[in-house]
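Colleague: Here it is, the structure, as structure tokens.
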Amino acid sequence: MGSVALNPDRPGEVKSFPALRAEMVKRHIAARGVRDELVLEAMGKVPRELFLPAKLREFAYEDSPLPIAGEQTISQPYIVAFMAEALMLKGGEKVLEIGAGSGYAAAVLSEIAADVYTVERLGPLAEEAAATLTELGYDNVHVLHGDGTKGWPEHAPYDAIVVAAGGPQVPEALKEQLKIGGRLVIPVGADQRTQELVRVVRLSKDEFRSEDIADVRFVPLIGEEGWAAAKGETAPARRALRPVAPDEETLVRNIADAAESFPSIEAADLSPLMERIGSARVVLLGEATHGTSEFYRMRERITRDLIVKKGFRFVAIEADWPDAARVDHYVRHFQYPPSEWTAFARFPTWMWRNTEVRDFVSWLRKHNGTVENTTRVAFHGLDLYSLYDSIRSVLNYLDEVDPASARVARERYGCLTPWQRDPATYGHAALTGSYPTCESDVAHALTDLLAKRRAYAEHDGERFLDAEQNARLVANAERYYRIMYYGAQAYLVGFGTHSGTVAAASDWGGPMEVKTVRPSLPNSYERLCHATGLPRFMLGLRGPGDLCGPEGLGRERLERAIGVIYRPETELASHYFQASLPQQFDEYIWFDDTRAVTPLETAEIAGLPDMYPFGV
């Protein structure tokens, strides 16, 4: 790829590109007045030669624009640095660039900003820029082929926006995508040949301040809010570009073709999904994390449609029964006093105690208020992880009040002993016939306990009630682990994301942190979905064809699961596993960029009625 060039000051002398780059920063940028250390450092890192055609690389560090494909140019290094400095970046921002060109300026900005979103009007140029940026490891640069004058609203608002083409005026779409306090730098002029470089600062929702900072000359900004395109030229399709390995390009295209993209969670058309769900009695909404806002909000949208359009009668969540019972009391408008505890007050509190769940609970209470008591939708917790703790509780109770019955119960529960470390394996063994079911044994243990209810209750009523509930849990858990492998009349929905933030802890019992989700790894399902360039979509996985076959999504790949603990430093070992997506789910819902859930703060719920489930 070239690592040396002729020294323009001394013909015949060969200098390395890094040496020429350092000299360029010193002579052509710093010496001309650029003082921002972040910008100078970024300019010294990015190999400009690799963003040029091979025949022009020897001129990479001359301070001049150079031609690239599509009759476009790569800006001179000083102008790139000057415009980057005008953005007044401090590090960690979200930046929008209009006019990706070869990708060079985006790479410079990416050395400072957390994420750079760049839009290019010319398809071949956008594809080449995306390929170069990916090859060089700029994972925080995202390329879109489209009309730059419309910006990239899916990722707005932006801390800064820079436009590498001259327009007749500042596009309103770009101003609207700027954060309050954000800076927009753009060449503006009534003549396509010369412009004034303008910096626009957003002061409030409707107020902007503009200042002229330099005379410049850029190629024209073509688009709906710029100059008119050449006669016969059509507007570009808006498609983000993220290259993958050559052997997976066809698969990525097939995913993009089959995917049902949607503009936002609120505006998503769920009719096709409801049709695919069909007559399923159970819809399981999985997740790739336990702390992502988009996953919670999309599950709410789907659940609301299942309730309203398909008549689903209860919601079951991965939580303890008593906590969910407190919410159930609230949403079904029960008249008897609620239990005297705060719902979801134990680790991990943010998993269900967040604004996203609160909004759904509020909606469910309102919905139930419009229907008859007998048709109100219930809210239950179905965690059954305490199977063996419950067995131990029943046996300890019987050892004290009825040792003879304890011996019988211990024998019956012994059926489950081989599976205590992995009860799910019991379900598989029972289903395949390699092990007889324990259904009869655990059911008899419960009925024996209930048959002596009066005698036990007289001995210790409260402890008997606890033993009874634990015995019921064992019976239900046995049935759960046995039938979980059938999948009959069930529709399984999974979720995935590429990057963003997530609410999680570093250790069990530790405090919640908002953590940055690392970009998905190569050879993962997440990287395939990211490569489609679609910000969000639904994908049915039940259909026939090559998409879900062994040469497509059916081939095992890495899949990410974060849970309530996230350790990015050991992500591959801690959070990735081998899976076959079509065997795991019937539907996959993708959000390329996601944000952490918002935990409920005490101030948000202080002063509410005692019946409010989340308490203070």
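In the structure tokens, the first chain shown is A, the next is B, and so on; residue numbers restart at 1 for each chain, and ligands run from 1 in the order shown.
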Can you tell me, as a ChimeraX atom specification, what residues are no more than 12 Å from Leu133 of chain A when counting only C-alpha atoms, ignoring any on the same chain fewer than 5 positions away?

Modeller: /A:46-48,50-51,100-108,110,116,118,126-128,138-143,241-244

Colleague: Quick one: everything within 12 Å of segment 53-55 of chain A, counting only C-alpha atoms, minus sequence neighbours fewer than 3 positions away in the same chain. Send it as a list in words.

Modeller: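 With the cut-off at 12 Å, the set is Met1, Gly2, Ser3, Ala5, Arg48, Glu49, Leu50, Glu58, Phe59, Ala60, Leu66, Pro67, Ile68, Ala69, Thr73, Ile74, Ser102, Glu128, Ala129 and Thr132 of chain A.
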
Colleague: Considering only C-alpha atoms, return as a count of residues only whatever protein or nucleic-acid residues lie within 9 Å of segment 576-581 of chain A, sequence-local ones (same chain, fewer than 6 positions apart) excluded.

Modeller: 16

Colleague: Run DSSP on the backbone and grab whatever in segment 532-592 of chain A lands in strand (DSSP E or B); send it over as a ChimeraX atom specification.

Modeller: /A:536-540,557-560,565,576-579,587-592

Colleague: Grab the residues selected above and save them as a PDB file, in the first residue's frame with N, CA and C atoms.

Modeller:
```pdb
ATOM      1  N   ARG A 536     -32.737   0.066  11.721  1.00  0.00           N
ATOM      2  CA  ARG A 536     -33.646  -0.792  12.497  1.00  0.00           C
ATOM      3  C   ARG A 536     -34.522  -1.581  11.531  1.00  0.00           C
ATOM      4  N   PHE A 537     -34.761  -2.844  11.873  1.00  0.00           N
ATOM      5  CA  PHE A 537     -35.611  -3.659  11.003  1.00  0.00           C
ATOM      6  C   PHE A 537     -36.133  -4.881  11.741  1.00  0.00           C
ATOM      7  N   MET A 538     -37.181  -5.492  11.161  1.00  0.00           N
ATOM      8  CA  MET A 538     -37.704  -6.780  11.607  1.00  0.00           C
ATOM      9  C   MET A 538     -37.409  -7.804  10.522  1.00  0.00           C
ATOM     10  N   LEU A 539     -37.070  -9.020  10.929  1.00  0.00           N
ATOM     11  CA  LEU A 539     -36.703 -10.058   9.979  1.00  0.00           C
ATOM     12  C   LEU A 539     -37.339 -11.377  10.381  1.00  0.00           C
ATOM     13  N   GLY A 540     -38.282 -11.868   9.575  1.00  0.00           N
ATOM     14  CA  GLY A 540     -38.884 -13.174   9.830  1.00  0.00           C
ATOM     15  C   GLY A 540     -37.909 -14.281   9.481  1.00  0.00           C
ATOM     16  N   ARG A 557     -22.816 -18.879  14.014  1.00  0.00           N
ATOM     17  CA  ARG A 557     -21.954 -17.715  14.129  1.00  0.00           C
ATOM     18  C   ARG A 557     -21.951 -17.248  15.579  1.00  0.00           C
ATOM     19  N   LEU A 558     -21.120 -16.272  15.848  1.00  0.00           N
ATOM     20  CA  LEU A 558     -21.118 -15.659  17.171  1.00  0.00           C
ATOM     21  C   LEU A 558     -22.383 -14.833  17.369  1.00  0.00           C
ATOM     22  N   GLU A 559     -22.899 -14.845  18.589  1.00  0.00           N
ATOM     23  CA  GLU A 559     -24.030 -14.005  18.962  1.00  0.00           C
ATOM     24  C   GLU A 559     -23.737 -13.423  20.340  1.00  0.00           C
ATOM     25  N   ARG A 560     -24.172 -12.164  20.568  1.00  0.00           N
ATOM     26  CA  ARG A 560     -23.826 -11.478  21.816  1.00  0.00           C
ATOM     27  C   ARG A 560     -25.005 -11.454  22.785  1.00  0.00           C
ATOM     28  N   ILE A 565     -24.818  -8.083  33.802  1.00  0.00           N
ATOM     29  CA  ILE A 565     -23.387  -7.860  33.978  1.00  0.00           C
ATOM     30  C   ILE A 565     -22.771  -7.624  32.607  1.00  0.00           C
ATOM     31  N   TYR A 576     -20.084 -13.559  24.220  1.00  0.00           N
ATOM     32  CA  TYR A 576     -20.394 -14.143  22.915  1.00  0.00           C
ATOM     33  C   TYR A 576     -20.500 -15.658  23.029  1.00  0.00           C
ATOM     34  N   PHE A 577     -21.401 -16.224  22.240  1.00  0.00           N
ATOM     35  CA  PHE A 577     -21.561 -17.673  22.188  1.00  0.00           C
ATOM     36  C   PHE A 577     -21.913 -18.075  20.765  1.00  0.00           C
ATOM     37  N   GLN A 578     -21.696 -19.342  20.438  1.00  0.00           N
ATOM     38  CA  GLN A 578     -22.030 -19.851  19.110  1.00  0.00           C
ATOM     39  C   GLN A 578     -23.514 -20.180  19.051  1.00  0.00           C
ATOM     40  N   ALA A 579     -24.178 -19.762  17.986  1.00  0.00           N
ATOM     41  CA  ALA A 579     -25.617 -19.991  17.872  1.00  0.00           C
ATOM     42  C   ALA A 579     -26.016 -20.071  16.412  1.00  0.00           C
ATOM     43  N   GLU A 587     -38.245 -14.740  14.777  1.00  0.00           N
ATOM     44  CA  GLU A 587     -38.177 -13.343  14.331  1.00  0.00           C
ATOM     45  C   GLU A 587     -36.987 -12.679  14.988  1.00  0.00           C
ATOM     46  N   TYR A 588     -36.342 -11.783  14.249  1.00  0.00           N
ATOM     47  CA  TYR A 588     -35.198 -11.051  14.810  1.00  0.00           C
ATOM     48  C   TYR A 588     -35.425  -9.565  14.567  1.00  0.00           C
ATOM     49  N   ILE A 589     -35.296  -8.768  15.631  1.00  0.00           N
ATOM     50  CA  ILE A 589     -35.518  -7.333  15.539  1.00  0.00           C
ATOM     51  C   ILE A 589     -34.202  -6.614  15.825  1.00  0.00           C
ATOM     52  N   TRP A 590     -33.819  -5.736  14.894  1.00  0.00           N
ATOM     53  CA  TRP A 590     -32.491  -5.127  14.924  1.00  0.00           C
ATOM     54  C   TRP A 590     -32.557  -3.628  15.172  1.00  0.00           C
ATOM     55  N   PHE A 591     -31.703  -3.169  16.099  1.00  0.00           N
ATOM     56  CA  PHE A 591     -31.469  -1.747  16.319  1.00  0.00           C
ATOM     57  C   PHE A 591     -29.961  -1.533  16.250  1.00  0.00           C
ATOM     58  N   ASP A 592     -29.504  -0.825  15.230  1.00  0.00           N
ATOM     59  CA  ASP A 592     -28.066  -0.703  15.033  1.00  0.00           C
ATOM     60  C   ASP A 592     -27.395   0.083  16.149  1.00  0.00           C
TER      61      ASP A 592
END
```

Colleague: List the neighbours of Gly311 of chain A out to 12 Å using only C-alpha atoms; skip same-chain residues closer than 2 positions along the sequence, and give me the result as a compact mmCIF listing (two decimals) with N, CA and C atoms, in the first residue's frame.

Modeller:
```txt
# COMPACT_ATOMS: atom_id res chain seq x y z
N SER A 279 -51.64 -17.67 14.91
CA SER A 279 -52.46 -18.20 16.01
C SER A 279 -51.64 -18.65 17.20
N ALA A 280 -50.38 -18.25 17.27
CA ALA A 280 -49.53 -18.65 18.40
C ALA A 280 -50.16 -18.19 19.71
N ARG A 281 -50.18 -19.08 20.70
CA ARG A 281 -50.77 -18.77 22.00
C ARG A 281 -49.78 -18.06 22.92
N VAL A 282 -48.49 -18.29 22.66
CA VAL A 282 -47.44 -17.69 23.50
C VAL A 282 -46.46 -16.97 22.59
N THR A 303 -46.28 -5.95 22.60
CA THR A 303 -47.20 -6.44 23.62
C THR A 303 -48.54 -5.72 23.54
N ARG A 304 -48.51 -4.43 23.32
CA ARG A 304 -49.75 -3.67 23.22
C ARG A 304 -50.59 -4.16 22.03
N ASP A 305 -49.94 -4.44 20.90
CA ASP A 305 -50.68 -4.95 19.74
C ASP A 305 -51.22 -6.36 20.01
N LEU A 306 -50.45 -7.17 20.71
CA LEU A 306 -50.92 -8.52 21.05
C LEU A 306 -52.16 -8.45 21.93
N ILE A 307 -52.18 -7.50 22.85
CA ILE A 307 -53.32 -7.35 23.76
C ILE A 307 -54.53 -6.80 23.01
N VAL A 308 -54.31 -5.73 22.27
CA VAL A 308 -55.43 -5.03 21.62
C VAL A 308 -55.94 -5.77 20.40
N LYS A 309 -55.05 -6.30 19.57
CA LYS A 309 -55.45 -6.88 18.30
C LYS A 309 -55.62 -8.39 18.33
N ARG A 313 -54.07 -12.19 27.16
CA ARG A 313 -54.70 -11.92 28.45
C ARG A 313 -53.73 -11.71 29.60
N PHE A 314 -52.46 -12.05 29.43
CA PHE A 314 -51.53 -11.74 30.53
C PHE A 314 -50.12 -11.54 29.99
N VAL A 315 -49.37 -10.78 30.77
CA VAL A 315 -47.96 -10.50 30.49
C VAL A 315 -47.14 -11.21 31.56
N VAL A 371 -62.04 -1.99 30.27
CA VAL A 371 -62.65 -3.29 30.00
C VAL A 371 -63.23 -3.88 31.29
N THR A 375 -61.92 -9.51 31.98
CA THR A 375 -61.08 -9.51 30.78
C THR A 375 -59.85 -8.62 30.93
N ARG A 376 -59.57 -8.16 32.16
CA ARG A 376 -58.39 -7.33 32.37
C ARG A 376 -57.11 -8.15 32.22
N VAL A 377 -56.10 -7.53 31.69
CA VAL A 377 -54.83 -8.20 31.40
C VAL A 377 -53.99 -8.27 32.67
```

Colleague: List the neighbours of segment 261-266 of chain A out to 8 Å using only C-alpha atoms; skip same-chain residues closer than 4 positions along the sequence, and give me the result as a PyMOL selection string.

Modeller: chain A and resi 154+294+297-298+301+534-538

Colleague: Smallest atom-to-atom distance to Leu600 of chain A: which of A:Gln177, A:Thr349, A:Thr355, A:Thr289, using only C-alpha atoms?

Modeller: A:Thr355

Colleague: Hey, what does DSSP flag as alpha helix (DSSP H) within segment 236-430 of chain A? Can you give it to me as a VMD selection string?

Modeller: chain A and resid 249 to 258 271 to 277 293 to 310 321 to 331 355 to 368 387 to 401 403 to 413 423 to 430

Colleague: Would you kindly return, as a list in words, each protein, DNA or RNA residue with an atom no farther than 7 Å from any atom of Val162 of chain A, considering only C-alpha atoms and excluding same-chain residues fewer than 4 positions away?

Modeller: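 Listing them by chain and then by number gives Leu96, Glu97, Ile98, Leu184, Val185 and Ile186 of chain A.
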
Colleague: Could you please take those selected residues and save C-alpha atoms as a CSV table (one decimal), in the first residue's frame?

Modeller:
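The resulting again-v7.csv:
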```csv
chain,number,residue,atom,x,y,z
A,96,LEU,CA,-22.2,14.6,11.1
A,97,GLU,CA,-20.2,15.2,7.9
A,98,ILE,CA,-21.8,16.0,4.6
A,184,LEU,CA,-22.5,23.8,12.0
A,185,VAL,CA,-19.6,24.7,9.6
A,186,ILE,CA,-20.6,25.1,5.9
```

Colleague: Using only C-alpha atoms, can you tell me which of A:Ala573, A:Ala288, A:Gly70, A:Asn476 comes closest to Thr497 of chain A?

Modeller: A:Ala288

Colleague: Please provide as a ChimeraX atom specification all residues within 12 Å of Ala378 of chain A, with the sequence filter that same-chain residues fewer than 2 positions apart are discarded (counting only C-alpha atoms).

Modeller: /A:307,312-317,324-334,361,364-365,367-368,373-376,380-381

Colleague: Quick one: write out the picked residues with N, CA and C atoms as an mmCIF file, in the first residue's frame?

Modeller:
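Wrote it out as selection-v6.cif, contents follow:
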```cif
data_model
loop_
_atom_site.group_PDB
_atom_site.id
_atom_site.type_symbol
_atom_site.label_atom_id
_atom_site.label_comp_id
_atom_site.auth_asym_id
_atom_site.auth_seq_id
_atom_site.Cartn_x
_atom_site.Cartn_y
_atom_site.Cartn_z
ATOM 1 N N ILE A 307 -52.179 -7.500 22.850
ATOM 2 C CA ILE A 307 -53.316 -7.347 23.757
ATOM 3 C C ILE A 307 -54.531 -6.797 23.015
ATOM 4 N N PHE A 312 -54.535 -11.101 23.769
ATOM 5 C CA PHE A 312 -53.700 -11.748 24.781
ATOM 6 C C PHE A 312 -54.126 -11.271 26.166
ATOM 7 N N ARG A 313 -54.075 -12.190 27.160
ATOM 8 C CA ARG A 313 -54.702 -11.919 28.450
ATOM 9 C C ARG A 313 -53.733 -11.712 29.602
ATOM 10 N N PHE A 314 -52.464 -12.046 29.432
ATOM 11 C CA PHE A 314 -51.531 -11.741 30.525
ATOM 12 C C PHE A 314 -50.116 -11.541 29.994
ATOM 13 N N VAL A 315 -49.370 -10.777 30.770
ATOM 14 C CA VAL A 315 -47.963 -10.504 30.490
ATOM 15 C C VAL A 315 -47.142 -11.210 31.558
ATOM 16 N N ALA A 316 -46.165 -11.979 31.149
ATOM 17 C CA ALA A 316 -45.296 -12.686 32.092
ATOM 18 C C ALA A 316 -43.868 -12.196 31.876
ATOM 19 N N ILE A 317 -43.217 -11.766 32.942
ATOM 20 C CA ILE A 317 -41.868 -11.236 32.827
ATOM 21 C C ILE A 317 -40.885 -12.084 33.621
ATOM 22 N N ALA A 324 -43.841 -8.860 40.757
ATOM 23 C CA ALA A 324 -44.806 -8.682 39.670
ATOM 24 C C ALA A 324 -46.234 -8.619 40.207
ATOM 25 N N ALA A 325 -46.510 -9.328 41.316
ATOM 26 C CA ALA A 325 -47.855 -9.302 41.898
ATOM 27 C C ALA A 325 -48.225 -7.900 42.356
ATOM 28 N N ARG A 326 -47.253 -7.166 42.832
ATOM 29 C CA ARG A 326 -47.493 -5.781 43.244
ATOM 30 C C ARG A 326 -47.938 -4.942 42.028
ATOM 31 N N VAL A 327 -47.282 -5.144 40.886
ATOM 32 C CA VAL A 327 -47.670 -4.446 39.659
ATOM 33 C C VAL A 327 -49.037 -4.931 39.185
ATOM 34 N N ASP A 328 -49.264 -6.244 39.285
ATOM 35 C CA ASP A 328 -50.551 -6.807 38.859
ATOM 36 C C ASP A 328 -51.707 -6.174 39.633
ATOM 37 N N HIS A 329 -51.513 -5.988 40.934
ATOM 38 C CA HIS A 329 -52.529 -5.352 41.766
ATOM 39 C C HIS A 329 -52.861 -3.959 41.236
ATOM 40 N N TYR A 330 -51.834 -3.255 40.799
ATOM 41 C CA TYR A 330 -52.006 -1.880 40.310
ATOM 42 C C TYR A 330 -52.696 -1.844 38.945
ATOM 43 N N VAL A 331 -52.227 -2.670 38.002
ATOM 44 C CA VAL A 331 -52.758 -2.566 36.641
ATOM 45 C C VAL A 331 -54.169 -3.145 36.516
ATOM 46 N N ARG A 332 -54.533 -4.048 37.428
ATOM 47 C CA ARG A 332 -55.890 -4.621 37.347
ATOM 48 C C ARG A 332 -56.878 -3.956 38.304
ATOM 49 N N HIS A 333 -56.443 -2.844 38.927
ATOM 50 C CA HIS A 333 -57.335 -2.039 39.769
ATOM 51 C C HIS A 333 -57.958 -2.862 40.903
ATOM 52 N N PHE A 334 -57.166 -3.746 41.524
ATOM 53 C CA PHE A 334 -57.703 -4.535 42.628
ATOM 54 C C PHE A 334 -58.052 -3.630 43.804
ATOM 55 N N VAL A 361 -46.515 0.008 32.209
ATOM 56 C CA VAL A 361 -47.420 -0.258 33.329
ATOM 57 C C VAL A 361 -48.547 0.775 33.361
ATOM 58 N N LEU A 364 -50.959 -0.104 30.628
ATOM 59 C CA LEU A 364 -51.739 -1.300 30.926
ATOM 60 C C LEU A 364 -52.839 -0.996 31.940
ATOM 61 N N ARG A 365 -52.525 -0.181 32.936
ATOM 62 C CA ARG A 365 -53.554 0.208 33.914
ATOM 63 C C ARG A 365 -54.681 0.975 33.213
ATOM 64 N N HIS A 367 -55.505 0.811 30.022
ATOM 65 C CA HIS A 367 -56.250 -0.126 29.166
ATOM 66 C C HIS A 367 -57.221 -0.963 29.991
ATOM 67 N N ASN A 368 -56.756 -1.489 31.123
ATOM 68 C CA ASN A 368 -57.615 -2.330 31.960
ATOM 69 C C ASN A 368 -58.795 -1.550 32.528
ATOM 70 N N ASN A 373 -63.895 -6.435 34.446
ATOM 71 C CA ASN A 373 -62.947 -7.052 35.387
ATOM 72 C C ASN A 373 -62.430 -8.391 34.892
ATOM 73 N N THR A 374 -63.332 -9.199 34.303
ATOM 74 C CA THR A 374 -62.968 -10.564 33.914
ATOM 75 C C THR A 374 -62.054 -10.615 32.701
ATOM 76 N N THR A 375 -61.922 -9.510 31.982
ATOM 77 C CA THR A 375 -61.081 -9.513 30.776
ATOM 78 C C THR A 375 -59.847 -8.616 30.934
ATOM 79 N N ARG A 376 -59.573 -8.162 32.158
ATOM 80 C CA ARG A 376 -58.393 -7.331 32.366
ATOM 81 C C ARG A 376 -57.107 -8.155 32.224
ATOM 82 N N HIS A 380 -47.632 -10.958 35.496
ATOM 83 C CA HIS A 380 -47.082 -11.973 36.403
ATOM 84 C C HIS A 380 -45.569 -12.109 36.249
ATOM 85 N N GLY A 381 -44.912 -12.556 37.327
ATOM 86 C CA GLY A 381 -43.494 -12.889 37.298
ATOM 87 C C GLY A 381 -43.331 -14.394 37.253
#
```

Colleague: For a quick check of understanding, using only C-alpha atoms, which of A:Ser440, A:Ser390, A:Thr250, A:Thr570 has the smallest distance to Glu551 of chain A?

Modeller: A:Thr250
